[in-house]
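Working notes, structure below.
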Amino acid sequence: MVDYIIDYWETIEQRRVYPAVQPGYLRPLIPDSAPHEPESFADLMADIERVIMPGVTHWQSPHFHAYFPASISLPGFLGDMLCGGIGCVGFSWVRKNPPVLHHI
């Protein structure tokens with residue numbers, strides 16, 4: 001996944017900024033029911049490019065000149081990865097949030 005994200009950022013200039021899909025484009029691309037057996041990770045990654053990315057607006061593209069850029073930075077991205085990787089829940093019923101959570 002990290003390699004995919006790196007490749008995405010390295011090729012974002014070549015991607016179509018705004019999707020060229022019609023409402024309902026996704027319906028024929030996904031199965032009617034969940035699979036009984038899991039897909040391989042390689043198939044999952046291929047599905048991201050084949051199924052999901054055609055419908056994405058690439059807000060961080062240097063060719064996107066509408067609204068405002070989504071706020072993303074390398075430190076913010078790394079903090080999100082760390083929180084997801086350690087299963088961090090940013091609150092506690094027992095006490096106030098430890099200061100460390102505010103820095104992640």
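In the structure tokens, each chain is lettered A, B, ... as it comes, each chain's residues begin at 1, and ligands are numbered from 1 in order of appearance.
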Exercise. Any idea what's packed within 10 Å of A:Asp47, counting only C-alpha atoms, ignoring anything in its chain fewer than 6 positions away? Could you give it as a count of residues only?
Worked result: 4
For this session: List the neighbours of A:Tyr18 out to 9 Å using only C-alpha atoms; skip same-chain residues closer than 2 positions along the sequence, and give me the result as a list in words.
Result: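 Listed by chain and then number, they are Arg15, Arg16, Ala20, Pro54, Gly55, Val56, Thr57, His58, Trp59 and Phe64 of chain A.
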For this session: Run DSSP on the backbone of this structure and report the residues of chain A it assigns to helix (DSSP H, G or I), as an MDAnalysis selection string.
Result: chainID A and resid 2:14 27:29 41:55 74:86 99:103
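From atom CA of A:Pro75 back to atom CA of A:Ala42, the distance works out to 27.7 Å.
Using only C-alpha atoms, the shortest contact distance between A:Ser61 and any of A:Cys83, A:Ile12, A:Val89, A:Met45 is found at A:Ile12.
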Exercise. For the atom pair atom CA of A:Phe77 and atom CA of A:Ser40, what is the interatomic distance in Å to one decimal place?
Worked result: 25.8 Å
